[in-house]
Amino acid sequence: VYGLGADARNADAVSAIYRIKGRPPNHPLIVHVSGPSMALDWAHWTSQAQRLADAFWPGPLTLILTRLDAAPPYACGGQDSIGLRCPSHPVAQALLEAFEALGGNGVAAPSANRFGRVSPTSAEHVRADLGDSVSWILDGGSAEIGIESTIVDLSRSQPALLRPGRIQASAIESVLGASLAAPD
């Protein structure tokens, strides 16, 4: 789906995401990175995270990991964990690579819709929902799948599926060699 992005290390930019979406400030954002090497600046990277990244990144998988102290808490709703994702869409990858070439690392990017509404699958949907509150839209065409990423929490003693998505729980369990815990 389309995302509303900002420099995840810029407090004002992240605050603008919350304001534009009408999102509660304690509702964490997902930080998008170009790959595992960039994720190392945000979270304690585990062997489980590496196995899942090897299998599903770039792709529709968000990993919840323990946030590094150096990673700003405003990028993750003030929580001790952080959601990281490496998107597969060529426009998203080009944006991340260009941002990194300028010295950036990590784009906070929840879905580009008002909080609680259906996630947008086209640039037209974004414009209809967010209107003039966004300056410009990178139009990557219609979303191929149209559902949010699968979210797996690796910050607990046992991995848990927090949100189902395109990647099935059975595929994740196969890669991890373990069952997923039920979410709290």
# chains A, B, ... in the order shown; residues from 1 in each chain; ligands from 1

call {"tool": "select_by_dssp", "arguments": {"residues": "chain A", "states": "helix (DSSP H, G or I)", "output": "JSON list (two decimals) with N, CA, C and O atoms, in the first residue's frame"}}
result
[["chain", "number", "residue", "atom", "x", "y", "z"],
["A", 11, "ALA", "N", 12.58, 14.70, 14.33],
["A", 11, "ALA", "CA", 11.42, 14.75, 15.22],
["A", 11, "ALA", "C", 10.27, 15.55, 14.62],
["A", 11, "ALA", "O", 9.10, 15.16, 14.75],
["A", 12, "ASP", "N", 10.57, 16.67, 13.98],
["A", 12, "ASP", "CA", 9.50, 17.50, 13.39],
["A", 12, "ASP", "C", 8.81, 16.76, 12.24],
["A", 12, "ASP", "O", 7.59, 16.83, 12.09],
["A", 13, "ALA", "N", 9.60, 16.06, 11.42],
["A", 13, "ALA", "CA", 9.04, 15.32, 10.30],
["A", 13, "ALA", "C", 8.15, 14.18, 10.79],
["A", 13, "ALA", "O", 7.06, 13.94, 10.26],
["A", 14, "VAL", "N", 8.61, 13.46, 11.82],
["A", 14, "VAL", "CA", 7.82, 12.37, 12.38],
["A", 14, "VAL", "C", 6.54, 12.92, 13.01],
["A", 14, "VAL", "O", 5.45, 12.36, 12.84],
["A", 15, "SER", "N", 6.65, 14.04, 13.71],
["A", 15, "SER", "CA", 5.48, 14.68, 14.30],
["A", 15, "SER", "C", 4.46, 15.05, 13.23],
["A", 15, "SER", "O", 3.24, 14.92, 13.45],
["A", 16, "ALA", "N", 4.93, 15.47, 12.06],
["A", 16, "ALA", "CA", 4.03, 15.82, 10.97],
["A", 16, "ALA", "C", 3.24, 14.59, 10.49],
["A", 16, "ALA", "O", 2.06, 14.71, 10.16],
["A", 17, "ILE", "N", 3.88, 13.43, 10.48],
["A", 17, "ILE", "CA", 3.15, 12.20, 10.10],
["A", 17, "ILE", "C", 1.99, 11.98, 11.06],
["A", 17, "ILE", "O", 0.85, 11.75, 10.64],
["A", 18, "TYR", "N", 2.27, 12.06, 12.36],
["A", 18, "TYR", "CA", 1.21, 11.86, 13.35],
["A", 18, "TYR", "C", 0.08, 12.89, 13.17],
["A", 18, "TYR", "O", -1.10, 12.54, 13.25],
["A", 19, "ARG", "N", 0.46, 14.13, 12.91],
["A", 19, "ARG", "CA", -0.54, 15.20, 12.75],
["A", 19, "ARG", "C", -1.39, 14.97, 11.50],
["A", 19, "ARG", "O", -2.62, 15.02, 11.55],
["A", 20, "ILE", "N", -0.74, 14.70, 10.37],
["A", 20, "ILE", "CA", -1.46, 14.51, 9.11],
["A", 20, "ILE", "C", -2.41, 13.32, 9.18],
["A", 20, "ILE", "O", -3.55, 13.39, 8.73],
["A", 21, "LYS", "N", -1.95, 12.22, 9.78],
["A", 21, "LYS", "CA", -2.78, 11.02, 9.86],
["A", 21, "LYS", "C", -3.84, 11.12, 10.96],
["A", 21, "LYS", "O", -4.81, 10.38, 10.93],
["A", 36, "PRO", "N", 19.17, -5.19, 5.77],
["A", 36, "PRO", "CA", 19.63, -5.48, 7.14],
["A", 36, "PRO", "C", 20.79, -4.59, 7.61],
["A", 36, "PRO", "O", 20.84, -4.24, 8.78],
["A", 37, "SER", "N", 21.69, -4.21, 6.72],
["A", 37, "SER", "CA", 22.83, -3.39, 7.16],
["A", 37, "SER", "C", 22.35, -2.05, 7.73],
["A", 37, "SER", "O", 22.94, -1.55, 8.69],
["A", 38, "MET", "N", 21.29, -1.48, 7.17],
["A", 38, "MET", "CA", 20.75, -0.23, 7.70],
["A", 38, "MET", "C", 19.92, -0.47, 8.96],
["A", 38, "MET", "O", 19.83, 0.40, 9.82],
["A", 39, "ALA", "N", 19.34, -1.65, 9.09],
["A", 39, "ALA", "CA", 18.55, -1.97, 10.28],
["A", 39, "ALA", "C", 19.42, -2.01, 11.53],
["A", 39, "ALA", "O", 18.93, -1.77, 12.64],
["A", 47, "SER", "N", 19.67, -13.34, 15.30],
["A", 47, "SER", "CA", 19.79, -14.39, 14.27],
["A", 47, "SER", "C", 18.42, -14.70, 13.67],
["A", 47, "SER", "O", 18.33, -14.98, 12.47],
["A", 48, "GLN", "N", 17.36, -14.62, 14.47],
["A", 48, "GLN", "CA", 16.02, -14.83, 13.92],
["A", 48, "GLN", "C", 15.67, -13.74, 12.91],
["A", 48, "GLN", "O", 15.11, -14.02, 11.85],
["A", 49, "ALA", "N", 16.03, -12.49, 13.23],
["A", 49, "ALA", "CA", 15.78, -11.38, 12.31],
["A", 49, "ALA", "C", 16.54, -11.60, 11.01],
["A", 49, "ALA", "O", 16.00, -11.40, 9.91],
["A", 50, "GLN", "N", 17.78, -12.07, 11.12],
["A", 50, "GLN", "CA", 18.58, -12.30, 9.92],
["A", 50, "GLN", "C", 17.97, -13.39, 9.04],
["A", 50, "GLN", "O", 17.91, -13.25, 7.83],
["A", 51, "ARG", "N", 17.50, -14.47, 9.69],
["A", 51, "ARG", "CA", 16.89, -15.56, 8.91],
["A", 51, "ARG", "C", 15.64, -15.08, 8.18],
["A", 51, "ARG", "O", 15.42, -15.40, 7.01],
["A", 52, "LEU", "N", 14.81, -14.31, 8.87],
["A", 52, "LEU", "CA", 13.59, -13.81, 8.23],
["A", 52, "LEU", "C", 13.91, -12.78, 7.14],
["A", 52, "LEU", "O", 13.27, -12.79, 6.08],
["A", 53, "ALA", "N", 14.89, -11.93, 7.38],
["A", 53, "ALA", "CA", 15.29, -10.96, 6.35],
["A", 53, "ALA", "C", 15.85, -11.67, 5.12],
["A", 53, "ALA", "O", 15.54, -11.30, 3.99],
["A", 54, "ASP", "N", 16.65, -12.71, 5.35],
["A", 54, "ASP", "CA", 17.19, -13.48, 4.22],
["A", 54, "ASP", "C", 16.08, -14.10, 3.39],
["A", 54, "ASP", "O", 16.16, -14.17, 2.16],
["A", 55, "ALA", "N", 15.02, -14.53, 4.06],
["A", 55, "ALA", "CA", 13.92, -15.21, 3.37],
["A", 55, "ALA", "C", 12.91, -14.25, 2.74],
["A", 55, "ALA", "O", 12.37, -14.55, 1.67],
["A", 56, "PHE", "N", 12.65, -13.10, 3.37],
["A", 56, "PHE", "CA", 11.51, -12.29, 2.96],
["A", 56, "PHE", "C", 11.80, -10.82, 2.64],
["A", 56, "PHE", "O", 10.89, -10.09, 2.25],
["A", 73, "PRO", "N", 13.25, 7.59, 20.21],
["A", 73, "PRO", "CA", 11.98, 7.00, 20.64],
["A", 73, "PRO", "C", 10.76, 7.54, 19.91],
["A", 73, "PRO", "O", 9.76, 6.85, 19.78],
["A", 74, "TYR", "N", 10.83, 8.78, 19.40],
["A", 74, "TYR", "CA", 9.67, 9.35, 18.69],
["A", 74, "TYR", "C", 9.40, 8.62, 17.39],
["A", 74, "TYR", "O", 8.30, 8.70, 16.86],
["A", 75, "ALA", "N", 10.37, 7.87, 16.87],
["A", 75, "ALA", "CA", 10.17, 7.11, 15.64],
["A", 75, "ALA", "C", 9.36, 5.84, 15.89],
["A", 75, "ALA", "O", 8.98, 5.15, 14.95],
["A", 76, "CYS", "N", 9.15, 5.52, 17.16],
["A", 76, "CYS", "CA", 8.44, 4.25, 17.47],
["A", 76, "CYS", "C", 7.46, 4.43, 18.62],
["A", 76, "CYS", "O", 7.30, 3.53, 19.44],
["A", 90, "PRO", "N", 10.06, -1.04, -6.43],
["A", 90, "PRO", "CA", 11.22, -0.32, -6.96],
["A", 90, "PRO", "C", 11.23, 1.18, -6.64],
["A", 90, "PRO", "O", 12.29, 1.76, -6.44],
["A", 91, "VAL", "N", 10.07, 1.81, -6.55],
["A", 91, "VAL", "CA", 10.02, 3.23, -6.21],
["A", 91, "VAL", "C", 10.45, 3.43, -4.76],
["A", 91, "VAL", "O", 11.23, 4.34, -4.45],
["A", 92, "ALA", "N", 9.98, 2.57, -3.86],
["A", 92, "ALA", "CA", 10.37, 2.66, -2.45],
["A", 92, "ALA", "C", 11.86, 2.41, -2.29],
["A", 92, "ALA", "O", 12.55, 3.12, -1.55],
["A", 93, "GLN", "N", 12.38, 1.40, -2.99],
["A", 93, "GLN", "CA", 13.81, 1.11, -2.91],
["A", 93, "GLN", "C", 14.63, 2.28, -3.46],
["A", 93, "GLN", "O", 15.64, 2.66, -2.86],
["A", 94, "ALA", "N", 14.21, 2.88, -4.56],
["A", 94, "ALA", "CA", 14.94, 4.02, -5.13],
["A", 94, "ALA", "C", 14.93, 5.21, -4.17],
["A", 94, "ALA", "O", 15.95, 5.90, -4.01],
["A", 95, "LEU", "N", 13.79, 5.44, -3.51],
["A", 95, "LEU", "CA", 13.70, 6.52, -2.53],
["A", 95, "LEU", "C", 14.66, 6.27, -1.38],
["A", 95, "LEU", "O", 15.41, 7.17, -0.97],
["A", 96, "LEU", "N", 14.67, 5.06, -0.83],
["A", 96, "LEU", "CA", 15.56, 4.74, 0.29],
["A", 96, "LEU", "C", 17.03, 4.87, -0.11],
["A", 96, "LEU", "O", 17.83, 5.42, 0.64],
["A", 97, "GLU", "N", 17.37, 4.39, -1.29],
["A", 97, "GLU", "CA", 18.76, 4.49, -1.76],
["A", 97, "GLU", "C", 19.17, 5.94, -1.96],
["A", 97, "GLU", "O", 20.29, 6.33, -1.60],
["A", 98, "ALA", "N", 18.28, 6.77, -2.52],
["A", 98, "ALA", "CA", 18.59, 8.19, -2.72],
["A", 98, "ALA", "C", 18.73, 8.90, -1.38],
["A", 98, "ALA", "O", 19.64, 9.72, -1.19],
["A", 99, "PHE", "N", 17.87, 8.56, -0.43],
["A", 99, "PHE", "CA", 17.93, 9.15, 0.90],
["A", 99, "PHE", "C", 19.24, 8.77, 1.59],
["A", 99, "PHE", "O", 19.90, 9.61, 2.21],
["A", 100, "GLU", "N", 19.63, 7.52, 1.47],
["A", 100, "GLU", "CA", 20.89, 7.06, 2.06],
["A", 100, "GLU", "C", 22.09, 7.73, 1.40],
["A", 100, "GLU", "O", 23.07, 8.07, 2.08],
["A", 101, "ALA", "N", 22.02, 7.97, 0.10],
["A", 101, "ALA", "CA", 23.11, 8.65, -0.60],
["A", 101, "ALA", "C", 23.29, 10.08, -0.09],
["A", 101, "ALA", "O", 24.39, 10.63, -0.14],
["A", 123, "ALA", "N", -2.16, 6.39, -5.96],
["A", 123, "ALA", "CA", -1.88, 7.80, -5.68],
["A", 123, "ALA", "C", -3.19, 8.59, -5.56],
["A", 123, "ALA", "O", -3.30, 9.50, -4.73],
["A", 124, "GLU", "N", -4.18, 8.22, -6.35],
["A", 124, "GLU", "CA", -5.47, 8.91, -6.29],
["A", 124, "GLU", "C", -6.13, 8.74, -4.93],
["A", 124, "GLU", "O", -6.75, 9.67, -4.40],
["A", 125, "HIS", "N", -6.01, 7.54, -4.35],
["A", 125, "HIS", "CA", -6.58, 7.30, -3.01],
["A", 125, "HIS", "C", -5.91, 8.19, -1.97],
["A", 125, "HIS", "O", -6.56, 8.71, -1.07],
["A", 126, "VAL", "N", -4.59, 8.35, -2.09],
["A", 126, "VAL", "CA", -3.84, 9.19, -1.15],
["A", 126, "VAL", "C", -4.34, 10.63, -1.25],
["A", 126, "VAL", "O", -4.66, 11.26, -0.24],
["A", 127, "ARG", "N", -4.41, 11.15, -2.46],
["A", 127, "ARG", "CA", -4.84, 12.53, -2.67],
["A", 127, "ARG", "C", -6.28, 12.72, -2.15],
["A", 127, "ARG", "O", -6.59, 13.73, -1.51],
["A", 128, "ALA", "N", -7.15, 11.75, -2.38],
["A", 128, "ALA", "CA", -8.54, 11.87, -1.93],
["A", 128, "ALA", "C", -8.64, 11.89, -0.41],
["A", 128, "ALA", "O", -9.46, 12.62, 0.15],
["A", 129, "ASP", "N", -7.79, 11.12, 0.28],
["A", 129, "ASP", "CA", -7.87, 11.05, 1.74],
["A", 129, "ASP", "C", -7.08, 12.16, 2.42],
["A", 129, "ASP", "O", -7.55, 12.76, 3.38],
["A", 130, "LEU", "N", -5.89, 12.45, 1.92],
["A", 130, "LEU", "CA", -5.01, 13.40, 2.61],
["A", 130, "LEU", "C", -5.03, 14.80, 2.00],
["A", 130, "LEU", "O", -4.59, 15.76, 2.64],
["A", 131, "GLY", "N", -5.53, 14.92, 0.77],
["A", 131, "GLY", "CA", -5.67, 16.23, 0.13],
["A", 131, "GLY", "C", -4.40, 17.05, 0.12],
["A", 131, "GLY", "O", -3.31, 16.53, -0.17],
["A", 132, "ASP", "N", -4.54, 18.32, 0.46],
["A", 132, "ASP", "CA", -3.41, 19.25, 0.42],
["A", 132, "ASP", "C", -2.48, 19.11, 1.62],
["A", 132, "ASP", "O", -1.51, 19.87, 1.74],
["A", 133, "SER", "N", -2.75, 18.17, 2.52],
["A", 133, "SER", "CA", -1.86, 18.00, 3.68],
["A", 133, "SER", "C", -0.54, 17.34, 3.29],
["A", 133, "SER", "O", 0.40, 17.33, 4.08],
["A", 169, "ALA", "N", 1.85, -17.32, 8.24],
["A", 169, "ALA", "CA", 2.49, -17.74, 9.49],
["A", 169, "ALA", "C", 3.28, -19.03, 9.29],
["A", 169, "ALA", "O", 4.38, -19.18, 9.83],
["A", 170, "SER", "N", 2.75, -19.95, 8.49],
["A", 170, "SER", "CA", 3.44, -21.23, 8.28],
["A", 170, "SER", "C", 4.79, -21.04, 7.61],
["A", 170, "SER", "O", 5.77, -21.73, 7.93],
["A", 171, "ALA", "N", 4.90, -20.06, 6.70],
["A", 171, "ALA", "CA", 6.17, -19.78, 6.03],
["A", 171, "ALA", "C", 7.17, -19.19, 7.02],
["A", 171, "ALA", "O", 8.36, -19.53, 6.99],
["A", 172, "ILE", "N", 6.70, -18.33, 7.90],
["A", 172, "ILE", "CA", 7.56, -17.73, 8.92],
["A", 172, "ILE", "C", 8.05, -18.80, 9.89],
["A", 172, "ILE", "O", 9.24, -18.87, 10.22],
["A", 173, "GLU", "N", 7.12, -19.65, 10.33],
["A", 173, "GLU", "CA", 7.49, -20.73, 11.25],
["A", 173, "GLU", "C", 8.50, -21.68, 10.61],
["A", 173, "GLU", "O", 9.42, -22.15, 11.28],
["A", 174, "SER", "N", 8.35, -21.94, 9.33],
["A", 174, "SER", "CA", 9.28, -22.81, 8.63],
["A", 174, "SER", "C", 10.70, -22.23, 8.63],
["A", 174, "SER", "O", 11.67, -22.94, 8.88],
["A", 175, "VAL", "N", 10.81, -20.93, 8.39],
["A", 175, "VAL", "CA", 12.12, -20.27, 8.38],
["A", 175, "VAL", "C", 12.72, -20.25, 9.79],
["A", 175, "VAL", "O", 13.90, -20.49, 9.97],
["A", 176, "LEU", "N", 11.88, -19.97, 10.79],
["A", 176, "LEU", "CA", 12.37, -19.88, 12.17],
["A", 176, "LEU", "C", 12.60, -21.24, 12.80],
["A", 176, "LEU", "O", 13.35, -21.36, 13.78]]

call {"tool": "closest_residue", "arguments": {"among": "A:Leu154, A:Cys86, A:Leu161, A:Leu138", "to": "A:Ala182", "atoms": "only C-alpha atoms"}}
result
A:Leu161

call {"tool": "select_by_dssp", "arguments": {"residues": "stretch 5-53 of chain A", "states": "strand (DSSP E or B)", "output": "ChimeraX atom specification"}}
result
/A:6-7,30-32,43

call {"tool": "residues_around", "arguments": {"residues": "A:Pro60", "least_positions_apart": "4", "cutoff": "8 Å", "atoms": "only C-alpha atoms", "output": "list in words"}}
result
Phe56, Arg85, Cys86, Pro87, Ser88, Glu148, Ser149, Thr150, Gly165, Arg166 and Ile167 of chain A

call {"tool": "closest_residue", "arguments": {"among": "A:Gly83, A:Tyr2, A:Ser155, A:Val134", "to": "A:Ala108", "atoms": "only C-alpha atoms"}}
result
A:Gly83

call {"tool": "atom_distance", "arguments": {"atom1": "atom CA of A:Leu61", "atom2": "atom CA of A:His44"}}
result
17.1 Å

call {"tool": "decode", "arguments": {"residues": "stretch 9-21 of chain A", "atoms": "all heavy atoms", "output": "PDB file, in the first residue's frame"}}
result
ATOM      1  N   ARG A   9      14.620  10.093  11.688  1.00  0.00           N
ATOM      2  CA  ARG A   9      15.475  10.706  12.710  1.00  0.00           C
ATOM      3  C   ARG A   9      15.188  12.194  12.901  1.00  0.00           C
ATOM      4  O   ARG A   9      15.863  12.872  13.662  1.00  0.00           O
ATOM      5  CB  ARG A   9      16.941  10.487  12.364  1.00  0.00           C
ATOM      6  CG  ARG A   9      17.333   9.016  12.449  1.00  0.00           C
ATOM      7  CD  ARG A   9      18.834   8.839  12.432  1.00  0.00           C
ATOM      8  NE  ARG A   9      19.198   7.440  12.451  1.00  0.00           N
ATOM      9  CZ  ARG A   9      19.313   6.701  13.549  1.00  0.00           C
ATOM     10  NH1 ARG A   9      19.071   7.224  14.721  1.00  0.00           N
ATOM     11  NH2 ARG A   9      19.661   5.428  13.458  1.00  0.00           N
ATOM     12  N   ASN A  10      14.162  12.693  12.231  1.00  0.00           N
ATOM     13  CA  ASN A  10      13.795  14.102  12.325  1.00  0.00           C
ATOM     14  C   ASN A  10      12.488  14.201  13.109  1.00  0.00           C
ATOM     15  O   ASN A  10      11.418  13.834  12.608  1.00  0.00           O
ATOM     16  CB  ASN A  10      13.647  14.682  10.910  1.00  0.00           C
ATOM     17  CG  ASN A  10      13.276  16.135  10.908  1.00  0.00           C
ATOM     18  OD1 ASN A  10      12.416  16.586  11.655  1.00  0.00           O
ATOM     19  ND2 ASN A  10      13.917  16.890  10.028  1.00  0.00           N
ATOM     20  N   ALA A  11      12.583  14.703  14.335  1.00  0.00           N
ATOM     21  CA  ALA A  11      11.417  14.750  15.224  1.00  0.00           C
ATOM     22  C   ALA A  11      10.269  15.554  14.623  1.00  0.00           C
ATOM     23  O   ALA A  11       9.098  15.158  14.746  1.00  0.00           O
ATOM     24  CB  ALA A  11      11.812  15.321  16.583  1.00  0.00           C
ATOM     25  N   ASP A  12      10.565  16.674  13.981  1.00  0.00           N
ATOM     26  CA  ASP A  12       9.502  17.498  13.388  1.00  0.00           C
ATOM     27  C   ASP A  12       8.814  16.758  12.240  1.00  0.00           C
ATOM     28  O   ASP A  12       7.591  16.832  12.088  1.00  0.00           O
ATOM     29  CB  ASP A  12      10.060  18.832  12.891  1.00  0.00           C
ATOM     30  CG  ASP A  12      10.500  19.745  14.037  1.00  0.00           C
ATOM     31  OD1 ASP A  12       9.998  19.574  15.168  1.00  0.00           O
ATOM     32  OD2 ASP A  12      11.355  20.616  13.792  1.00  0.00           O
ATOM     33  N   ALA A  13       9.599  16.061  11.424  1.00  0.00           N
ATOM     34  CA  ALA A  13       9.036  15.316  10.300  1.00  0.00           C
ATOM     35  C   ALA A  13       8.147  14.176  10.792  1.00  0.00           C
ATOM     36  O   ALA A  13       7.062  13.943  10.257  1.00  0.00           O
ATOM     37  CB  ALA A  13      10.153  14.790   9.408  1.00  0.00           C
ATOM     38  N   VAL A  14       8.607  13.463  11.818  1.00  0.00           N
ATOM     39  CA  VAL A  14       7.815  12.366  12.379  1.00  0.00           C
ATOM     40  C   VAL A  14       6.538  12.920  13.010  1.00  0.00           C
ATOM     41  O   VAL A  14       5.450  12.358  12.842  1.00  0.00           O
ATOM     42  CB  VAL A  14       8.646  11.548  13.386  1.00  0.00           C
ATOM     43  CG1 VAL A  14       7.777  10.563  14.151  1.00  0.00           C
ATOM     44  CG2 VAL A  14       9.789  10.815  12.667  1.00  0.00           C
ATOM     45  N   SER A  15       6.654  14.037  13.706  1.00  0.00           N
ATOM     46  CA  SER A  15       5.482  14.678  14.303  1.00  0.00           C
ATOM     47  C   SER A  15       4.457  15.049  13.233  1.00  0.00           C
ATOM     48  O   SER A  15       3.245  14.924  13.449  1.00  0.00           O
ATOM     49  CB  SER A  15       5.928  15.921  15.075  1.00  0.00           C
ATOM     50  OG  SER A  15       4.825  16.584  15.619  1.00  0.00           O
ATOM     51  N   ALA A  16       4.932  15.467  12.064  1.00  0.00           N
ATOM     52  CA  ALA A  16       4.026  15.817  10.966  1.00  0.00           C
ATOM     53  C   ALA A  16       3.241  14.594  10.492  1.00  0.00           C
ATOM     54  O   ALA A  16       2.062  14.710  10.155  1.00  0.00           O
ATOM     55  CB  ALA A  16       4.808  16.436   9.809  1.00  0.00           C
ATOM     56  N   ILE A  17       3.881  13.426  10.477  1.00  0.00           N
ATOM     57  CA  ILE A  17       3.153  12.204  10.103  1.00  0.00           C
ATOM     58  C   ILE A  17       1.994  11.984  11.058  1.00  0.00           C
ATOM     59  O   ILE A  17       0.854  11.747  10.638  1.00  0.00           O
ATOM     60  CB  ILE A  17       4.078  10.971  10.102  1.00  0.00           C
ATOM     61  CG1 ILE A  17       5.040  11.012   8.924  1.00  0.00           C
ATOM     62  CG2 ILE A  17       3.257   9.673  10.065  1.00  0.00           C
ATOM     63  CD1 ILE A  17       6.049   9.867   8.901  1.00  0.00           C
ATOM     64  N   TYR A  18       2.267  12.059  12.356  1.00  0.00           N
ATOM     65  CA  TYR A  18       1.207  11.859  13.350  1.00  0.00           C
ATOM     66  C   TYR A  18       0.084  12.886  13.171  1.00  0.00           C
ATOM     67  O   TYR A  18      -1.097  12.541  13.253  1.00  0.00           O
ATOM     68  CB  TYR A  18       1.790  11.937  14.764  1.00  0.00           C
ATOM     69  CG  TYR A  18       2.503  10.679  15.192  1.00  0.00           C
ATOM     70  CD1 TYR A  18       3.880  10.566  15.122  1.00  0.00           C
ATOM     71  CD2 TYR A  18       1.780   9.587  15.676  1.00  0.00           C
ATOM     72  CE1 TYR A  18       4.532   9.408  15.522  1.00  0.00           C
ATOM     73  CE2 TYR A  18       2.421   8.428  16.081  1.00  0.00           C
ATOM     74  CZ  TYR A  18       3.791   8.344  16.001  1.00  0.00           C
ATOM     75  OH  TYR A  18       4.425   7.192  16.392  1.00  0.00           O
ATOM     76  N   ARG A  19       0.455  14.131  12.914  1.00  0.00           N
ATOM     77  CA  ARG A  19      -0.541  15.201  12.754  1.00  0.00           C
ATOM     78  C   ARG A  19      -1.392  14.967  11.502  1.00  0.00           C
ATOM     79  O   ARG A  19      -2.623  15.021  11.554  1.00  0.00           O
ATOM     80  CB  ARG A  19       0.158  16.557  12.695  1.00  0.00           C
ATOM     81  CG  ARG A  19      -0.810  17.735  12.648  1.00  0.00           C
ATOM     82  CD  ARG A  19      -0.101  19.077  12.524  1.00  0.00           C
ATOM     83  NE  ARG A  19       0.432  19.263  11.165  1.00  0.00           N
ATOM     84  CZ  ARG A  19       1.701  19.120  10.806  1.00  0.00           C
ATOM     85  NH1 ARG A  19       2.619  18.791  11.688  1.00  0.00           N
ATOM     86  NH2 ARG A  19       2.079  19.315   9.553  1.00  0.00           N
ATOM     87  N   ILE A  20      -0.737  14.697  10.370  1.00  0.00           N
ATOM     88  CA  ILE A  20      -1.459  14.512   9.106  1.00  0.00           C
ATOM     89  C   ILE A  20      -2.408  13.319   9.184  1.00  0.00           C
ATOM     90  O   ILE A  20      -3.546  13.389   8.730  1.00  0.00           O
ATOM     91  CB  ILE A  20      -0.468  14.352   7.936  1.00  0.00           C
ATOM     92  CG1 ILE A  20       0.241  15.678   7.665  1.00  0.00           C
ATOM     93  CG2 ILE A  20      -1.162  13.844   6.678  1.00  0.00           C
ATOM     94  CD1 ILE A  20       1.453  15.570   6.747  1.00  0.00           C
ATOM     95  N   LYS A  21      -1.951  12.223   9.775  1.00  0.00           N
ATOM     96  CA  LYS A  21      -2.779  11.021   9.857  1.00  0.00           C
ATOM     97  C   LYS A  21      -3.843  11.116  10.959  1.00  0.00           C
ATOM     98  O   LYS A  21      -4.815  10.378  10.932  1.00  0.00           O
ATOM     99  CB  LYS A  21      -1.904   9.790  10.140  1.00  0.00           C
ATOM    100  CG  LYS A  21      -1.136   9.310   8.930  1.00  0.00           C
ATOM    101  CD  LYS A  21      -0.369   8.038   9.217  1.00  0.00           C
ATOM    102  CE  LYS A  21      -1.212   6.846   9.535  1.00  0.00           C
ATOM    103  NZ  LYS A  21      -1.957   6.235   8.432  1.00  0.00           N
TER     104      LYS A  21
END
